[in-house]
$ cat coords_12.csv   # CSV, C-alpha atoms
chain,number,residue,atom,x,y,z
A,77,MET,CA,88.6,209.0,167.9
A,78,ILE,CA,88.9,205.2,167.8
A,79,ASN,CA,91.5,205.7,170.5
A,80,THR,CA,88.9,207.4,172.7
A,81,ILE,CA,86.2,204.9,172.0
A,82,TRP,CA,88.4,202.0,172.8
A,83,PHE,CA,89.6,203.6,176.0
A,84,LEU,CA,86.0,204.4,177.1
A,85,LEU,CA,84.6,201.0,176.4
A,86,ILE,CA,87.3,199.3,178.6
A,87,PHE,CA,87.6,202.0,181.3
A,88,LEU,CA,83.8,202.5,181.8
A,89,GLY,CA,83.4,198.8,181.9
A,90,ILE,CA,86.0,198.4,184.7
A,91,ILE,CA,84.6,201.4,186.7
A,92,TYR,CA,81.1,200.2,186.3
A,93,SER,CA,81.8,196.7,187.4
A,94,LEU,CA,83.8,198.1,190.4
A,95,PHE,CA,80.5,199.6,191.6
A,96,SER,CA,78.2,196.8,190.7
A,97,GLY,CA,80.6,194.2,192.1
A,98,ASN,CA,81.0,191.9,189.2
A,99,LEU,CA,84.7,192.4,188.6
A,100,GLN,CA,85.1,188.7,188.0
A,101,GLU,CA,83.1,189.2,184.8
A,102,ILE,CA,85.8,191.4,183.5
A,103,ASN,CA,88.5,188.8,184.1
A,104,ASN,CA,86.3,186.2,182.3
A,105,ALA,CA,85.6,188.6,179.4
A,106,ILE,CA,89.3,189.3,178.9
A,107,LEU,CA,90.2,185.6,178.7
A,108,LYS,CA,87.2,184.7,176.6
A,109,GLU,CA,87.4,187.6,174.1
A,110,ALA,CA,91.2,187.4,173.6
A,111,GLU,CA,90.7,183.8,172.6
A,112,ALA,CA,87.7,184.7,170.4
A,113,GLY,CA,89.9,187.3,168.5
A,114,VAL,CA,92.5,184.6,167.8
A,115,LEU,CA,89.9,182.0,166.7
A,116,PHE,CA,88.2,184.5,164.5
A,117,SER,CA,91.3,185.4,162.5
A,118,ILE,CA,92.5,181.7,162.4
A,119,ASN,CA,89.0,180.7,161.1
A,120,LEU,CA,89.3,183.4,158.5
A,121,ILE,CA,92.6,182.0,157.0
A,122,GLY,CA,91.0,179.2,155.0
A,123,ILE,CA,88.1,181.0,153.4
A,124,MET,CA,90.3,184.1,152.8
A,125,SER,CA,92.9,182.0,151.1
A,126,PHE,CA,90.2,180.4,148.9
A,127,TRP,CA,88.8,183.8,147.7
A,128,LEU,CA,92.2,185.3,147.2
A,129,GLY,CA,93.2,182.3,145.2
A,130,VAL,CA,90.2,182.3,143.0
A,131,MET,CA,90.4,186.1,142.5
A,132,ASN,CA,94.0,185.8,141.5
A,133,ILE,CA,92.9,183.6,138.6
A,134,ALA,CA,90.2,186.2,137.8
A,135,GLU,CA,92.8,189.0,137.9
A,136,LYS,CA,95.5,187.2,135.8
A,137,SER,CA,93.1,185.8,133.2
A,138,GLY,CA,91.6,189.3,132.6
A,139,ILE,CA,88.0,188.6,133.4
A,140,LEU,CA,88.2,191.0,136.4
A,141,LYS,CA,89.3,193.7,134.0
A,142,LYS,CA,86.3,193.0,131.8
A,143,ILE,CA,83.9,193.2,134.8
A,144,SER,CA,85.5,196.4,136.0
A,145,ARG,CA,85.0,198.1,132.7
A,146,LEU,CA,81.2,198.0,133.3
A,147,PHE,CA,81.6,200.1,136.4
A,148,LYS,CA,84.2,202.5,135.0
A,149,ILE,CA,82.2,205.7,135.2
A,150,PRO,CA,80.8,205.6,138.7
A,151,ILE,CA,84.2,204.3,140.0
A,152,LYS,CA,86.0,207.2,138.3
A,153,MET,CA,83.6,209.7,139.8
A,154,LEU,CA,83.8,208.3,143.3
A,155,PHE,CA,87.6,207.7,143.3
A,156,PRO,CA,89.1,210.4,141.1
A,157,GLY,CA,92.5,209.8,142.7
A,158,VAL,CA,92.7,206.3,141.4
A,159,PRO,CA,94.1,206.0,137.9
A,160,ASP,CA,92.3,204.1,135.2
A,161,ASN,CA,92.9,200.4,135.1
A,162,HIS,CA,94.7,200.4,138.4
A,163,PRO,CA,94.2,197.2,140.4
A,164,ALA,CA,92.7,199.2,143.3
A,165,GLN,CA,89.6,199.8,141.1
A,166,ARG,CA,89.1,196.1,140.5
A,167,TRP,CA,89.4,195.1,144.1
A,168,ILE,CA,87.0,197.9,145.2
A,169,ILE,CA,84.4,196.6,142.6
A,170,MET,CA,84.8,193.0,143.7
A,171,ASN,CA,84.4,194.1,147.4
A,172,LEU,CA,81.2,195.9,146.6
A,173,ILE,CA,79.8,193.1,144.5
A,174,SER,CA,80.5,190.5,147.2
A,175,ASN,CA,78.9,192.7,149.8
A,176,MET,CA,75.9,193.0,147.6
A,177,PHE,CA,75.5,189.3,147.3
A,178,GLY,CA,76.2,188.7,151.0
A,179,ILE,CA,79.6,186.9,150.5
A,180,GLY,CA,81.0,188.5,153.7
A,181,ASN,CA,84.3,186.6,153.8
A,182,GLY,CA,85.1,187.3,150.2
A,183,ALA,CA,84.2,191.0,150.7
A,184,THR,CA,86.7,191.2,153.6
A,185,ALA,CA,89.5,189.6,151.5
A,186,PHE,CA,88.9,191.9,148.5
A,187,GLY,CA,88.4,194.9,150.7
A,188,LEU,CA,91.8,194.4,152.4
A,189,LYS,CA,93.4,193.9,149.1
A,190,ALA,CA,91.8,197.1,147.8
A,191,MET,CA,93.2,199.0,150.9
A,192,LYS,CA,96.6,197.6,150.1
A,193,GLU,CA,96.4,198.8,146.5
A,194,LEU,CA,95.0,202.2,147.6
A,195,ASN,CA,98.0,202.6,150.0
A,196,SER,CA,100.4,202.0,147.1
A,197,LEU,CA,99.0,205.2,145.6
A,198,ASN,CA,99.1,207.0,148.9
A,199,GLN,CA,101.7,209.7,149.5
A,200,ASN,CA,101.8,209.5,153.3
A,201,LYS,CA,101.5,205.8,154.2
A,202,LYS,CA,100.4,206.4,157.8
A,203,ARG,CA,97.5,208.7,156.8
A,204,ALA,CA,94.3,207.7,155.1
A,205,SER,CA,93.9,209.0,151.5
A,206,ASN,CA,90.6,210.5,150.3
A,207,ALA,CA,90.0,207.3,148.3
A,208,MET,CA,90.3,205.1,151.4
A,209,CYS,CA,87.8,207.2,153.3
A,210,MET,CA,85.4,207.1,150.5
A,211,PHE,CA,85.9,203.4,150.0
A,212,LEU,CA,85.3,202.6,153.7
A,213,VAL,CA,82.2,204.7,154.0
A,214,ILE,CA,80.7,203.1,150.9
A,215,ASN,CA,81.6,199.7,152.2
A,216,MET,CA,80.0,200.4,155.5
A,217,SER,CA,76.8,201.5,154.0
A,218,SER,CA,76.6,197.8,153.3
A,219,VAL,CA,74.5,197.6,150.2
A,220,GLN,CA,73.4,194.0,150.6
A,221,LEU,CA,70.6,193.0,148.2
A,222,VAL,CA,69.2,190.3,150.4
A,223,PRO,CA,70.0,190.4,154.1
A,224,LEU,CA,69.8,186.6,154.5
A,225,THR,CA,70.7,186.2,158.2
A,226,VAL,CA,67.9,188.5,159.2
A,227,ILE,CA,65.4,186.9,156.8
A,228,LYS,CA,66.3,183.5,158.1
A,229,MET,CA,65.8,184.7,161.7
A,230,ARG,CA,62.4,186.1,160.8
A,231,MET,CA,61.4,182.9,159.2
A,232,ASP,CA,62.4,180.8,162.2
A,233,LEU,CA,60.4,183.1,164.5
A,234,GLY,CA,57.3,182.6,162.4
A,235,SER,CA,57.0,185.8,160.4
A,236,LYS,CA,54.1,185.8,157.8
A,237,ASN,CA,56.3,187.4,155.2
A,238,PRO,CA,60.0,187.2,156.2
A,239,MET,CA,61.1,188.8,153.0
A,240,GLU,CA,58.9,192.0,153.2
A,241,ILE,CA,61.9,193.8,154.6
A,242,ILE,CA,64.1,193.5,151.5
A,243,ALA,CA,62.8,196.6,149.7
A,244,PRO,CA,62.7,198.9,152.7
A,245,ALA,CA,66.2,197.8,153.8
A,246,PHE,CA,67.5,198.5,150.3
A,247,LEU,CA,65.9,201.9,150.3
A,248,ALA,CA,67.2,202.7,153.8
A,249,THR,CA,70.7,201.6,152.7
A,250,SER,CA,70.5,203.7,149.6
A,251,VAL,CA,69.6,206.8,151.5
A,252,SER,CA,72.5,206.3,154.0
A,253,LEU,CA,74.8,205.5,151.1
A,254,ILE,CA,74.0,208.8,149.3
A,255,VAL,CA,74.3,210.8,152.5
A,256,GLY,CA,77.6,209.0,153.3
A,257,ILE,CA,79.1,209.9,149.9
A,258,ILE,CA,78.0,213.5,150.2
A,259,THR,CA,79.4,213.7,153.7
A,260,VAL,CA,82.8,212.3,152.5
A,261,LYS,CA,82.9,214.8,149.7
A,262,LEU,CA,82.2,217.7,152.0
A,263,LEU,CA,84.7,216.6,154.7
A,264,GLU,CA,87.3,216.0,152.0
A,265,VAL,CA,87.5,219.7,151.3
A,266,LYS,CA,87.5,220.6,155.0
A,267,TYR,CA,90.3,218.1,155.9
A,268,ARG,CA,92.6,219.0,153.0
A,269,CYS,CA,96.2,218.8,154.0
B,19,MET,CA,63.5,181.1,144.9
B,20,LEU,CA,65.6,183.4,147.1
B,21,ASN,CA,67.3,180.5,148.7
B,22,ALA,CA,68.1,179.0,145.4
B,23,ILE,CA,69.8,182.2,144.3
B,24,SER,CA,71.9,182.4,147.4
B,25,VAL,CA,72.9,178.8,147.1
B,26,ILE,CA,73.9,179.2,143.4
B,27,ILE,CA,75.8,182.5,143.6
B,28,ILE,CA,79.1,181.3,145.0
B,29,PRO,CA,79.5,178.2,142.8
B,30,PHE,CA,78.4,180.3,139.8
B,31,ILE,CA,81.1,182.9,140.4
B,32,VAL,CA,83.8,180.4,141.1
B,33,GLY,CA,82.8,178.2,138.1
B,34,THR,CA,82.8,181.2,135.7
B,35,ILE,CA,86.2,182.4,136.8
B,36,LEU,CA,87.8,179.0,136.6
B,37,LEU,CA,86.3,178.3,133.2
B,38,TYR,CA,87.4,181.6,131.8
B,39,GLY,CA,90.9,181.1,133.1
B,40,TRP,CA,91.1,177.6,131.7
B,41,LEU,CA,89.8,178.6,128.3
B,42,LYS,CA,92.5,181.3,128.2
B,43,GLY,CA,95.1,178.7,128.8
B,44,GLU,CA,96.2,180.0,132.2
B,45,ASP,CA,97.9,177.8,134.7
B,46,ILE,CA,94.9,178.2,137.0
B,47,TYR,CA,96.2,175.8,139.7
B,48,SER,CA,99.4,177.8,140.2
B,49,LEU,CA,97.5,181.1,140.1
B,50,PHE,CA,95.2,179.8,142.8
B,51,ILE,CA,98.1,178.8,145.1
B,52,GLU,CA,99.9,182.1,144.4
B,53,GLY,CA,96.8,184.1,145.5
B,54,ALA,CA,96.0,181.8,148.4
B,55,LYS,CA,99.4,182.4,150.0
B,56,GLU,CA,98.2,185.9,150.9
B,57,GLY,CA,95.3,184.6,152.9
B,58,LEU,CA,97.4,183.5,155.8
B,59,LYS,CA,99.5,186.7,155.9
B,60,THR,CA,96.4,188.9,155.9
B,61,SER,CA,94.5,187.0,158.5
B,62,ILE,CA,97.4,187.0,160.9
B,63,LYS,CA,98.0,190.7,160.3
B,64,ILE,CA,94.5,191.7,161.4
B,65,MET,CA,94.6,189.4,164.5
B,66,PRO,CA,95.8,192.1,167.0
B,67,TYR,CA,93.1,194.5,165.8
B,68,LEU,CA,90.4,191.8,166.3
B,69,ILE,CA,91.7,191.0,169.8
B,70,ALA,CA,91.7,194.7,170.7
B,71,ILE,CA,88.1,195.2,169.6
B,72,PHE,CA,86.7,192.0,171.0
B,73,ILE,CA,88.2,192.6,174.4
B,74,ALA,CA,86.9,196.2,174.6
B,75,VAL,CA,83.4,195.3,173.6
B,76,GLY,CA,83.5,192.1,175.7
B,77,ILE,CA,84.4,194.1,178.9
B,78,PHE,CA,81.8,196.8,178.2
B,79,ARG,CA,79.1,194.2,177.8
B,80,ALA,CA,80.1,191.9,180.6
B,81,SER,CA,80.4,194.7,183.1
B,82,GLY,CA,76.8,195.7,182.6
B,83,ALA,CA,77.8,199.2,181.4
B,84,MET,CA,75.9,198.5,178.2
B,85,ASN,CA,72.6,198.1,180.0
B,86,MET,CA,73.3,201.2,182.0
B,87,MET,CA,73.9,203.2,178.9
B,88,GLN,CA,70.5,202.1,177.6
B,89,THR,CA,68.8,203.5,180.7
B,90,LEU,CA,70.8,206.7,180.3
B,91,PHE,CA,69.6,207.1,176.7
B,92,GLU,CA,66.0,206.4,177.4
B,93,PRO,CA,64.9,210.1,177.6
B,94,VAL,CA,66.7,210.9,174.3
B,95,ASN,CA,64.9,207.9,172.9
B,96,LYS,CA,61.5,209.5,173.7
B,97,ILE,CA,62.4,212.9,172.2
B,98,LEU,CA,63.6,211.4,169.0
B,99,LYS,CA,60.6,209.1,168.8
B,100,ILE,CA,62.6,205.9,168.3
B,101,PRO,CA,60.3,203.0,168.7
B,102,GLU,CA,60.4,201.2,172.1
B,103,GLY,CA,62.9,198.3,172.3
B,104,ILE,CA,65.1,199.4,169.4
B,105,LEU,CA,67.7,201.3,171.5
B,106,PRO,CA,69.9,198.3,172.4
B,107,LEU,CA,70.4,197.5,168.8
B,108,ILE,CA,71.2,201.1,167.9
B,109,ILE,CA,73.9,201.2,170.6
B,110,ILE,CA,75.5,197.8,169.8
B,111,ARG,CA,75.3,197.8,166.0
B,112,PRO,CA,78.4,199.9,165.3
B,113,ILE,CA,80.6,198.0,167.8
B,114,SER,CA,79.7,194.3,167.4
B,115,GLY,CA,78.1,192.4,164.6
B,116,SER,CA,77.3,189.3,166.6
B,117,GLY,CA,76.0,191.4,169.4
B,118,ALA,CA,73.7,193.2,167.0
B,119,LEU,CA,72.3,189.9,165.7
B,120,GLY,CA,71.5,189.0,169.3
B,121,ALA,CA,69.8,192.4,169.8
B,122,VAL,CA,67.7,191.8,166.7
B,123,LYS,CA,66.7,188.4,167.9
B,124,ASP,CA,65.6,189.9,171.2
B,125,VAL,CA,63.4,192.4,169.5
B,126,LEU,CA,61.9,189.7,167.2
B,127,GLU,CA,61.2,187.4,170.1
B,128,HIS,CA,59.8,190.0,172.4
B,129,TRP,CA,57.7,192.0,169.9
B,130,GLY,CA,57.2,189.4,167.2
B,131,PRO,CA,58.8,189.5,163.7
B,132,ASP,CA,55.7,191.2,162.1
B,133,SER,CA,55.4,193.9,164.7
B,134,PHE,CA,56.5,197.5,163.9
B,135,GLN,CA,59.5,197.1,166.2
B,136,GLY,CA,60.4,193.7,164.6
B,137,ARG,CA,60.3,195.2,161.1
B,138,VAL,CA,62.4,198.3,162.1
B,139,ALA,CA,65.0,196.1,163.7
B,140,SER,CA,65.2,193.8,160.7
B,141,ILE,CA,65.5,196.8,158.3
B,142,MET,CA,68.2,198.3,160.5
B,143,MET,CA,70.2,195.1,160.6
B,144,GLY,CA,70.0,194.8,156.8
B,145,SER,CA,71.1,198.4,156.2
B,146,THR,CA,74.0,199.0,158.6
B,147,GLU,CA,77.4,197.7,159.3
B,148,THR,CA,79.8,197.2,162.2
B,149,ILE,CA,81.7,200.5,161.9
B,150,PHE,CA,84.5,200.1,164.5
B,151,TYR,CA,85.4,196.7,163.4
B,152,THR,CA,85.6,197.6,159.8
B,153,ILE,CA,87.6,200.8,160.3
B,154,SER,CA,90.2,199.3,162.6
B,155,VAL,CA,90.7,196.1,160.7
B,156,TYR,CA,90.8,197.7,157.2
B,157,PHE,CA,93.2,200.5,158.3
B,158,GLY,CA,95.1,198.2,160.6
B,159,SER,CA,95.9,195.8,157.8
B,160,ILE,CA,97.9,198.4,155.9
B,161,GLY,CA,99.3,200.3,158.9
B,162,VAL,CA,97.4,203.6,158.5
B,163,LYS,CA,97.3,205.4,161.8
B,164,ASP,CA,95.5,208.6,160.9
B,165,TYR,CA,91.9,207.8,159.8
B,166,ARG,CA,91.1,211.5,159.2
B,167,TYR,CA,87.3,211.9,158.8
B,168,THR,CA,86.4,208.3,158.1
B,169,LEU,CA,84.8,207.6,161.5
B,170,LYS,CA,82.9,210.9,161.5
B,171,ALA,CA,81.4,210.3,158.0
B,172,ALA,CA,80.6,206.7,158.9
B,173,LEU,CA,78.7,207.8,162.1
B,174,ILE,CA,76.8,210.4,160.2
B,175,SER,CA,75.8,207.8,157.6
B,176,TYR,CA,74.9,205.4,160.4
B,177,ALA,CA,72.6,208.0,162.1
B,178,VAL,CA,70.9,208.6,158.8
B,179,SER,CA,70.4,204.9,158.2
B,180,ILE,CA,68.7,204.6,161.7
B,181,PHE,CA,66.2,207.4,161.0
B,182,SER,CA,65.6,206.4,157.4
B,183,SER,CA,65.0,202.8,158.6
B,184,ILE,CA,62.3,204.0,161.0
B,185,LEU,CA,60.8,206.4,158.5
B,186,ILE,CA,60.7,203.9,155.7
B,187,ALA,CA,59.3,201.2,157.9
B,188,GLY,CA,56.5,203.8,158.8
B,189,ILE,CA,55.8,204.4,155.2
B,190,PHE,CA,55.8,200.7,154.2
B,191,PHE,CA,54.0,199.2,157.1
B,192,ARG,CA,51.6,201.7,158.6

$ encode --input "coords_12.csv" --output "structure tokens"
Amino acid sequence: MINTIWFLLIFLGIIYSLFSGNLQEINNAILKEAEAGVLFSINLIGIMSFWLGVMNIAEKSGILKKISRLFKIPIKMLFPGVPDNHPAQRWIIMNLISNMFGIGNGATAFGLKAMKELNSLNQNKKRASNAMCMFLVINMSSVQLVPLTVIKMRMDLGSKNPMEIIAPAFLATSVSLIVGIITVKLLEVKYRC
Amino acid sequence: MLNAISVIIIPFIVGTILLYGWLKGEDIYSLFIEGAKEGLKTSIKIMPYLIAIFIAVGIFRASGAMNMMQTLFEPVNKILKIPEGILPLIIIRPISGSGALGAVKDVLEHWGPDSFQGRVASIMMGSTETIFYTISVYFGSIGVKDYRYTLKAALISYAVSIFSSILIAGIFFR
């Protein structure tokens, strides 16, 4: 499916610009975006190393284990395939917590780490496990307590109450999160190998 | 108040972790270095996936096909009672985070941040995520090729978040 979407984005773009006559824009976009992709990942190195370094201290000193214990029951329910006290549990929890507090870069670092640990439990390394699908869908429902960027934007544009969207956004997220979890559980049965 | 919390959160987390490690007598400096080594590897590993996504979205946007798609979807928009002006955001949100921020800004500037549209756009931005980026980068980093039903479930959840954003905005602000 990603295959198809990727193809369509590029192919439709090229066809459309053939007709509208702005093919030069395509050439510019390729050059610009290729560079943007490189810069993005290079820029990520520093902050990613920082978070992975700090979290390695948290992991080895045992504080991460203590925090994880608080979330034991929901994690076990959502990820029955992940054994108790497995590192994957801890990285999943850290990813969700950082998402909640809007620490985007930290969330990415911990999320990628969680995927690595989940793959160590995976039988077929090329195929997503149930736990991975569940993790990504929860992650993408993006439970962020305070969507700061948007609030800042509203403030700058003169909103009378920039923060009034916090509660509704949280509600909307919760609804989509619950539906996401149910969908994953249903599809899990349908896609069983 | 809110600003203070967001300023304090990262130093607080880092400080707590360091203090705990130090009190436990761990060699925190070496542990940091050991963990940080992975940052470089991971960032480089996801680079090809980022380039692939950026180029595809860039071409689609630069060609003008994105605008055409909005025109195509306009009738659907009317049937589903999606507020006027929100469609560009709905289309771009799953494929590009920065693009989505731009779309929200357009709505806020055009209709005003305290308009119904402005509120719906803000709520949507706060309750959704860049699906294609997340899926390809997360799976790409570990070499998983078969995503199974992840994208399908994510899109269903995305559709739900769009409609719940509109509905909830209606309940809160009308």

$ residues_around --input "coords_12.csv" --residues "Lys55 of chain B" --least-positions-apart "5" --cutoff "9 Å" --atoms "all atoms listed in the file" --output "JSON, numbers by chain"
{"A": [125, 128, 129], "B": [50]}

$ atom_distance --input "coords_12.csv" --atom1 "atom CA of Met84 of chain B" --atom2 "atom CA of Pro106 of chain B"
8.3 Å

$ residues_around --input "coords_12.csv" --residues "Val260 of chain A" --least-positions-apart "6" --cutoff "8 Å" --atoms "all atoms listed in the file" --output "VMD selection string"
(chain A and resid 209 to 210 213) or (chain B and resid 167 to 168 171)

$ residues_around --input "coords_12.csv" --residues "Tyr47 of chain B" --least-positions-apart "3" --cutoff "12 Å" --atoms "only C-alpha atoms" --output "number ranges by chain"
A: 126, 129-130, 132-133; B: 36, 39-40, 43-44, 50-54

$ residues_near_point --input "coords_12.csv" --point "(64.8, 192.7, 151.2)" --cutoff "8 Å" --atoms "only C-alpha atoms" --output "tab-separated table (two decimals) with C-alpha atoms, in the frame of the given file"
chain	number	residue	atom	x	y	z
A	221	LEU	CA	70.60	193.00	148.20
A	222	VAL	CA	69.20	190.30	150.40
A	223	PRO	CA	70.00	190.40	154.10
A	239	MET	CA	61.10	188.80	153.00
A	240	GLU	CA	58.90	192.00	153.20
A	241	ILE	CA	61.90	193.80	154.60
A	242	ILE	CA	64.10	193.50	151.50
A	243	ALA	CA	62.80	196.60	149.70
A	244	PRO	CA	62.70	198.90	152.70
A	245	ALA	CA	66.20	197.80	153.80
A	246	PHE	CA	67.50	198.50	150.30
B	144	GLY	CA	70.00	194.80	156.80

$ atom_distance --input "coords_12.csv" --atom1 "atom CA of Gly113 of chain A" --atom2 "atom CA of Ile69 of chain B"
4.3 Å

$ closest_residue --input "coords_12.csv" --among "B:Pro131, B:Gly115, B:Pro101, B:Gly33" --to "chain A" --atoms "all atoms listed in the file"
B:Pro131

$ residues_around --input "coords_12.csv" --residues "Gly188 of chain B" --least-positions-apart "5" --cutoff "9 Å" --atoms "all atoms listed in the file" --output "list in words"
Phe134, Val138 and Ser183 of chain B

$ closest_residue --input "coords_12.csv" --among "B:Phe150, B:Phe91, B:Phe78, B:Phe191" --to "chain A" --atoms "all atoms listed in the file"
B:Phe78

$ residues_around --input "coords_12.csv" --residues "Glu92 of chain B" --least-positions-apart "3" --cutoff "12 Å" --atoms "only C-alpha atoms" --output "ChimeraX atom specification"
/B:85-89,95-106,109

$ closest_residue --input "coords_12.csv" --among "A:Trp82, A:Leu172, A:Leu154, A:Ile121" --to "Ile62 of chain B" --atoms "all atoms listed in the file"
A:Ile121

$ atom_distance --input "coords_12.csv" --atom1 "atom CA of Ile91 of chain A" --atom2 "atom CA of Glu111 of chain A"
23.4 Å

$ closest_residue --input "coords_12.csv" --among "B:Ser114, B:Ser61, B:Ser48, B:Gln135" --to "chain A" --atoms "all atoms listed in the file"
B:Ser61

$ closest_residue --input "coords_12.csv" --among "A:Met77, A:Ser96, A:Phe83, A:Ser174" --to "Gly82 of chain B" --atoms "only C-alpha atoms"
A:Ser96
